[in-house]
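Shown next: run11.tsv, containing TSV, C-alpha atoms.
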```tsv
chain	number	residue	atom	x	y	z
A	1	MET	CA	92.88	90.17	84.10
A	2	ARG	CA	92.64	92.11	87.35
A	3	LEU	CA	90.40	95.16	87.61
A	4	LEU	CA	90.10	97.99	90.11
A	5	GLU	CA	86.92	98.98	91.87
A	6	ARG	CA	85.97	101.60	94.45
A	7	ASP	CA	83.73	100.57	97.32
A	8	ASP	CA	81.07	102.73	98.96
A	9	THR	CA	83.68	104.36	101.20
A	10	GLY	CA	85.81	105.40	98.22
A	11	GLU	CA	88.57	102.87	98.84
A	12	VAL	CA	90.26	101.38	95.78
A	13	ARG	CA	90.92	97.66	95.65
A	14	LEU	CA	91.96	95.05	93.12
A	15	THR	CA	89.70	92.23	92.06
A	16	GLU	CA	90.99	88.69	91.78
A	17	ASP	CA	92.53	87.65	88.47
A	18	LEU	CA	89.40	87.16	86.35
A	19	PRO	CA	89.07	84.66	83.48
A	20	ASN	CA	88.10	86.09	80.10
A	21	ASP	CA	84.50	84.91	80.34
A	22	LYS	CA	84.00	86.57	83.74
A	23	ILE	CA	85.23	90.09	82.97
A	24	PRO	CA	82.52	92.72	83.59
A	25	PRO	CA	82.22	96.01	81.64
A	26	TYR	CA	85.14	98.29	82.55
A	27	ALA	CA	86.86	101.58	81.78
A	28	ILE	CA	90.56	101.76	80.99
A	29	LEU	CA	93.15	104.51	81.47
A	30	SER	CA	95.65	105.72	78.89
A	31	HIS	CA	98.41	107.99	80.15
A	32	THR	CA	102.15	108.57	80.25
A	33	TRP	CA	104.21	107.30	83.15
A	34	GLY	CA	105.88	109.77	85.53
A	35	ASN	CA	107.30	109.89	89.02
A	36	GLY	CA	105.28	108.36	91.83
A	37	GLU	CA	103.14	105.96	89.82
A	38	ILE	CA	101.02	103.47	91.76
A	39	LEU	CA	102.43	99.97	91.30
A	40	PHE	CA	100.91	96.57	92.04
A	41	ARG	CA	102.91	96.26	95.28
A	42	ASP	CA	101.66	99.68	96.46
A	43	LEU	CA	98.09	98.42	96.38
A	44	MET	CA	99.12	95.23	98.11
A	45	ASP	CA	100.95	96.93	100.99
A	46	GLY	CA	98.55	99.87	101.33
A	47	THR	CA	101.04	102.66	100.54
A	48	CYS	CA	99.31	103.82	97.36
A	49	LYS	CA	97.71	106.92	98.89
A	50	ASN	CA	101.13	108.35	99.70
A	51	LYS	CA	102.16	108.64	96.03
A	52	VAL	CA	101.29	111.36	93.54
A	53	GLY	CA	100.10	108.81	90.98
A	54	TYR	CA	97.11	108.00	93.18
A	55	ALA	CA	95.32	111.06	91.74
A	56	LYS	CA	95.16	109.37	88.32
A	57	ILE	CA	93.69	106.24	89.88
A	58	LEU	CA	90.99	108.29	91.57
A	59	PHE	CA	90.31	110.24	88.37
A	60	CYS	CA	89.75	107.03	86.40
A	61	GLY	CA	87.53	105.55	89.09
A	62	ASP	CA	85.46	108.72	89.44
A	63	GLN	CA	84.99	109.09	85.69
A	64	ALA	CA	84.06	105.43	85.37
A	65	ARG	CA	81.44	105.84	88.06
A	66	ARG	CA	79.99	108.89	86.27
A	67	ASP	CA	79.72	106.71	83.18
A	68	GLY	CA	77.93	103.98	85.11
A	69	LEU	CA	80.91	101.62	85.30
A	70	ARG	CA	81.92	99.96	88.55
A	71	PHE	CA	85.26	98.57	87.36
A	72	PHE	CA	88.32	100.14	85.74
A	73	TRP	CA	91.87	99.19	84.71
A	74	VAL	CA	95.18	101.02	85.02
A	75	ASP	CA	98.39	99.52	83.65
A	76	THR	CA	100.70	100.73	86.42
A	77	CYS	CA	99.04	98.70	89.17
A	78	CYS	CA	96.79	96.02	87.65
A	79	ILE	CA	99.78	94.02	86.38
A	80	ASP	CA	102.34	92.43	88.68
A	81	LYS	CA	105.39	93.30	86.60
A	82	SER	CA	107.69	91.36	88.94
A	83	ASN	CA	106.04	88.20	87.57
A	84	SER	CA	107.59	87.61	84.13
A	85	VAL	CA	104.87	85.16	83.05
A	86	GLU	CA	102.13	87.62	83.96
A	87	LEU	CA	103.94	90.49	82.26
A	88	GLN	CA	104.31	88.53	79.03
A	89	GLU	CA	100.64	87.56	79.03
A	90	ALA	CA	99.64	91.16	79.70
A	91	ILE	CA	101.70	92.64	76.87
A	92	ASN	CA	100.37	90.06	74.43
A	93	SER	CA	96.81	90.81	75.61
A	94	MET	CA	97.07	94.60	75.93
A	95	PHE	CA	95.55	95.52	72.58
A	96	ARG	CA	92.57	93.25	73.25
A	97	TRP	CA	92.10	94.72	76.73
A	98	TYR	CA	91.95	98.23	75.32
A	99	ARG	CA	89.66	97.14	72.48
A	100	ASN	CA	87.25	95.42	74.88
A	101	ALA	CA	87.01	98.39	77.25
A	102	THR	CA	83.67	100.18	77.37
A	103	LYS	CA	85.46	103.52	77.77
A	104	CYS	CA	89.08	104.62	77.39
A	105	TYR	CA	90.07	107.78	79.27
A	106	THR	CA	93.22	109.50	78.04
A	107	TYR	CA	94.63	111.58	80.89
A	108	LEU	CA	96.97	114.32	79.63
A	109	VAL	CA	99.04	115.52	82.56
A	110	ASP	CA	100.74	118.19	80.43
A	111	VAL	CA	97.51	119.81	79.21
A	112	SER	CA	96.11	122.19	81.82
A	113	ILE	CA	92.85	124.10	81.59
A	114	PHE	CA	90.29	125.80	83.78
A	115	SER	CA	86.80	124.34	83.59
A	116	SER	CA	85.37	127.64	82.34
A	117	ASP	CA	87.68	127.45	79.32
A	118	ALA	CA	87.06	123.83	78.33
A	119	ASP	CA	84.91	124.75	75.32
A	120	ASP	CA	87.50	127.15	73.91
A	121	LYS	CA	89.82	124.85	71.94
A	122	SER	CA	92.21	127.68	71.05
A	123	ILE	CA	93.27	127.90	74.70
A	124	TRP	CA	94.37	124.29	75.13
A	125	GLU	CA	94.95	122.99	71.59
A	126	PRO	CA	98.64	124.04	71.40
A	127	ALA	CA	99.41	122.07	74.58
A	128	PHE	CA	97.30	119.18	73.30
A	129	ARG	CA	99.31	119.02	70.07
A	130	ALA	CA	102.57	119.09	72.03
A	131	SER	CA	101.51	116.50	74.61
A	132	ARG	CA	104.07	113.84	75.48
A	133	TRP	CA	101.27	111.28	75.10
A	134	PHE	CA	101.58	111.51	71.31
A	135	THR	CA	105.29	110.66	71.45
A	136	ARG	CA	105.18	107.36	73.35
A	137	GLY	CA	105.21	103.92	71.75
A	138	TRP	CA	102.61	102.20	73.91
A	139	THR	CA	100.01	104.93	73.46
A	140	LEU	CA	99.76	104.16	69.73
A	141	GLN	CA	97.67	101.06	70.37
A	142	GLU	CA	95.83	102.85	73.15
A	143	LEU	CA	94.69	105.45	70.62
A	144	ILE	CA	93.67	102.91	67.97
A	145	ALA	CA	92.32	99.87	69.82
A	146	PRO	CA	89.37	101.17	71.90
A	147	THR	CA	85.92	101.84	70.53
A	148	SER	CA	85.67	104.99	72.62
A	149	VAL	CA	88.65	107.26	73.44
A	150	GLU	CA	88.03	110.43	75.44
A	151	PHE	CA	90.67	113.05	76.26
A	152	PHE	CA	90.95	114.84	79.60
A	153	SER	CA	93.12	117.65	80.93
A	154	ARG	CA	95.25	117.45	84.06
A	155	GLU	CA	92.29	118.84	86.00
A	156	GLY	CA	90.01	116.08	84.68
A	157	GLU	CA	88.14	118.35	82.27
A	158	ARG	CA	86.89	116.60	79.12
A	159	LEU	CA	88.46	118.05	75.97
A	160	GLY	CA	86.78	115.84	73.39
A	161	ASP	CA	87.07	112.37	71.91
A	162	ARG	CA	88.87	110.62	69.06
A	163	ILE	CA	86.15	111.65	66.60
A	164	THR	CA	85.67	115.30	67.58
A	165	LEU	CA	89.46	115.77	67.68
A	166	GLU	CA	90.28	113.54	64.70
A	167	ARG	CA	91.69	116.33	62.52
A	168	VAL	CA	94.10	117.50	65.19
A	169	ILE	CA	95.12	113.93	66.05
A	170	HIS	CA	95.69	113.16	62.37
A	171	ASP	CA	97.86	116.27	61.99
A	172	VAL	CA	99.96	115.34	65.03
A	173	THR	CA	100.32	111.58	64.43
A	174	GLY	CA	99.88	111.06	60.69
A	175	ILE	CA	97.46	108.22	61.42
A	176	PRO	CA	94.79	108.07	58.70
A	177	LEU	CA	91.34	109.41	59.51
A	178	LYS	CA	89.88	106.05	58.51
A	179	ILE	CA	91.70	104.38	61.42
A	180	LEU	CA	90.74	107.13	63.87
A	181	GLN	CA	87.13	106.58	62.81
A	182	GLY	CA	87.36	102.88	63.64
A	183	GLY	CA	88.42	101.46	60.28
A	184	SER	CA	90.12	98.09	59.86
A	185	LEU	CA	93.87	97.86	60.40
A	186	SER	CA	94.07	95.16	57.74
A	187	ASP	CA	93.27	97.79	55.10
A	188	PHE	CA	96.73	99.25	55.64
A	189	SER	CA	100.02	97.65	54.65
A	190	VAL	CA	102.69	96.47	57.08
A	191	ASN	CA	104.90	99.41	56.12
A	192	ASP	CA	102.02	101.86	56.60
A	193	ARG	CA	101.43	100.62	60.13
A	194	MET	CA	105.14	100.47	60.95
A	195	ALA	CA	105.42	104.14	59.96
A	196	TRP	CA	102.96	105.18	62.67
A	197	ILE	CA	105.50	104.41	65.40
A	198	GLU	CA	108.65	105.76	63.74
A	199	LYS	CA	108.65	109.08	65.63
A	200	ARG	CA	107.61	107.56	68.95
A	201	LYS	CA	109.81	106.39	71.82
A	202	THR	CA	109.78	103.71	74.51
A	203	THR	CA	111.85	103.44	77.67
A	204	ARG	CA	113.08	99.97	76.73
A	205	GLU	CA	114.17	99.69	73.12
A	206	GLU	CA	112.53	96.31	72.55
A	207	ASP	CA	109.15	97.79	73.44
A	208	MET	CA	109.14	99.67	70.13
A	209	ALA	CA	108.45	96.28	68.55
A	210	TYR	CA	106.47	94.73	71.42
A	211	SER	CA	104.00	97.63	71.48
A	212	LEU	CA	103.03	96.71	67.90
A	213	PHE	CA	101.87	93.16	68.66
A	214	GLY	CA	98.21	94.14	68.67
A	215	ILE	CA	98.55	96.42	65.65
A	216	PHE	CA	99.56	93.34	63.63
A	217	ASP	CA	97.52	90.78	65.58
A	218	VAL	CA	100.51	88.62	66.54
A	219	GLN	CA	101.81	87.14	69.77
A	220	LEU	CA	105.46	86.56	70.65
A	221	PRO	CA	107.54	85.82	73.74
A	222	LEU	CA	109.33	88.80	75.30
A	223	LEU	CA	113.14	88.78	75.16
A	224	TYR	CA	114.21	92.01	76.78
A	225	SER	CA	117.90	91.36	76.20
A	226	GLU	CA	117.57	91.01	72.41
A	227	GLY	CA	117.68	94.66	71.41
A	228	LYS	CA	115.45	96.68	69.08
A	229	GLN	CA	116.79	95.29	65.79
A	230	LYS	CA	116.26	91.64	66.69
A	231	ALA	CA	112.86	92.40	68.21
A	232	PHE	CA	111.69	93.97	64.95
A	233	ARG	CA	113.16	91.07	62.97
A	234	ARG	CA	111.15	88.57	65.02
A	235	LEU	CA	108.05	90.74	64.67
A	236	ARG	CA	108.34	90.89	60.88
A	237	GLU	CA	108.96	87.15	60.68
A	238	GLU	CA	105.82	86.48	62.71
A	239	ILE	CA	103.80	88.91	60.59
A	240	ASN	CA	104.91	87.04	57.49
A	241	LYS	CA	103.91	83.70	59.02
A	242	VAL	CA	100.47	85.00	59.93
A	243	SER	CA	99.92	86.51	56.49
A	244	LYS	CA	100.81	83.16	54.89
A	245	GLY	CA	98.52	81.27	57.28
A	246	GLU	CA	101.35	79.24	58.80
```
Could you render the structure as structure tokens?
Amino acid sequence: MRLLERDDTGEVRLTEDLPNDKIPPYAILSHTWGNGEILFRDLMDGTCKNKVGYAKILFCGDQARRDGLRFFWVDTCCIDKSNSVELQEAINSMFRWYRNATKCYTYLVDVSIFSSDADDKSIWEPAFRASRWFTRGWTLQELIAPTSVEFFSREGERLGDRITLERVIHDVTGIPLKILQGGSLSDFSVNDRMAWIEKRKTTREEDMAYSLFGIFDVQLPLLYSEGKQKAFRRLREEINKVSKGE
């Protein structure tokens, strides 16, 4: 697992690929992808500052520092997605990475607010409810897995966390309050958990199934040519094997 860190001059750099027993406390970013995201190669060739997505990187680093954390992780650039082996390992590890994070910052680019209005929920709650973040497949596990999930507006203003906003999140997603409060996934049936992603979307159809690996505590190889139906069939077969202790 690679992490990001900011040095004393404010420059952002990647760490080496760290083994599991050498990973320091870190913050993690949850967001929706848009134009101009910072990719692994952008950090490698030094062009990252020229892209609009760099603002999210700086936001995460600044917030982590305020919370006393030196290291942070962002999915767009901490994974070399051109390396199929690394990508497969990352997707199978993603739920664990979010769960192990000290802090998870959810950056809502489509929720805008002035700092003086941050305490007035009526001003930003309609945009919060309509946020694209609640419609994406991968953000399901990013909402459930971490111990701490905090929500921020486009300006970086804190709106609340998974507990203070649990009623609104429940209304929008249908996810039970028990889960939002940190309850065990195993208390809910396979069909219950499958239902949580039914109204969500992913760019690649297979990711609808792949984004559920952590929700069901399974690991599978990625076959991006298989299609959504076959991906879900393999997922259900693996869930059945795990439940039977095979």
### Query
Which one of A:Phe59, A:Phe151, A:Trp138, A:Tyr26 sits closest to A:Met208 if you count all atoms listed in the file?
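Under the stated criterion, the closest residue is A:Trp138.
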Which neighbours of A:Asp45 fall inside 12 Å, counting only C-alpha atoms, when residues of the same chain fewer than 6 positions from it are skipped, and could you give them as a short mmCIF file (atom, residue, chain, number, x, y, z; two decimals) with C-alpha atoms, keeping the file's coordinate frame?
```cif
data_model
loop_
_atom_site.label_atom_id
_atom_site.label_comp_id
_atom_site.auth_asym_id
_atom_site.auth_seq_id
_atom_site.Cartn_x
_atom_site.Cartn_y
_atom_site.Cartn_z
CA ARG A 13 90.92 97.66 95.65
CA ILE A 38 101.02 103.47 91.76
CA LEU A 39 102.43 99.97 91.30
#
```
### Task
Please identify all polymer residues within 10 Å of A:Glu166, counting all atoms listed in the file, omitting same-chain residues fewer than 6 positions from it, and present them as a ChimeraX atom specification.
/A:160,172,175-181
### Task
Enter the distance from atom CA of A:Arg2 to atom CA of A:Arg154, in Å, rounded to one decimal.
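A separation of 25.7 Å between them.
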### Query
With only C-alpha atoms as the basis for distance, which of A:Thr106, A:Ser112, A:Gln88, A:Thr173 is at the shortest distance from A:Asp161?
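For A:Asp161, the nearest of the candidates is A:Thr106.
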### Message
Quick one: residues within 10 Å of A:Ser225, all atoms listed in the file, excluding same-chain residues fewer than 3 positions away - as a PyMOL selection string?
### Response
chain A and resi 204-206+222+228+230-231
### Message
So the first atom is atom CA of A:Thr202 and the second is atom CA of A:Gly137; what is the distance between them in Å, to one decimal place?
### Response
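Computing the Euclidean distance for atom CA of A:Thr202 and atom CA of A:Gly137 yields 5.3 Å.
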### Message
So the first atom is atom CA of A:Pro19 and the second is atom CA of A:Asp7; what is the distance between them in Å, to one decimal place?
### Response
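We find that atom CA of A:Pro19 and atom CA of A:Asp7 lie 21.8 Å from each other.
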Show me, as a PDB file with C-alpha atoms, keeping the file's coordinate frame, the residues that have an atom within 10 Å of A:Met94 when counting all atoms listed in the file, minus same-chain residues fewer than 6 positions from it.
```pdb
ATOM      1  CA  ASP A  75      98.390  99.520  83.650  1.00  0.00           C
ATOM      2  CA  GLN A  88     104.310  88.530  79.030  1.00  0.00           C
ATOM      3  CA  ASN A 100      87.250  95.420  74.880  1.00  0.00           C
ATOM      4  CA  TRP A 138     102.610 102.200  73.910  1.00  0.00           C
ATOM      5  CA  GLN A 141      97.670 101.060  70.370  1.00  0.00           C
ATOM      6  CA  GLU A 142      95.830 102.850  73.150  1.00  0.00           C
ATOM      7  CA  ALA A 145      92.320  99.870  69.820  1.00  0.00           C
ATOM      8  CA  SER A 211     104.000  97.630  71.480  1.00  0.00           C
ATOM      9  CA  PHE A 213     101.870  93.160  68.660  1.00  0.00           C
ATOM     10  CA  GLY A 214      98.210  94.140  68.670  1.00  0.00           C
TER      11      GLY A 214
END
```
### Message
Measuring between only C-alpha atoms, which one of A:Leu4, A:Leu87, A:Met44, A:Cys77 shows the shortest distance to A:Cys60?
### Response
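Ranking A:Leu4, A:Leu87, A:Met44, A:Cys77 by distance to A:Cys60, first place goes to A:Leu4.
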#### Entry: Who sits within 9 Å of stretch 48-53 of chain A, all atoms listed in the file, same chain under 4 positions skipped, as a list in words
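Everything that qualifies: Trp33, Gly34, Asn35, Gly36, Glu37, Ile38, Leu39, Arg41, Asp42, Leu43, Met44 and Ile57 of chain A.
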### Message
Here is a test: counting only C-alpha atoms, which residue of A:Trp97, A:Thr32, A:Ala27, A:Val85 is nearest to A:Asp110?
### Response
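Closest candidate: A:Thr32.
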### Task
Check the smallest atom-to-atom distance from each of A:Ser122, A:Ser93, A:Glu5, A:Arg193 to A:Arg65 using all atoms listed in the file, then report the winner.
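Checking each candidate against A:Arg65, we get A:Glu5 as the closest.
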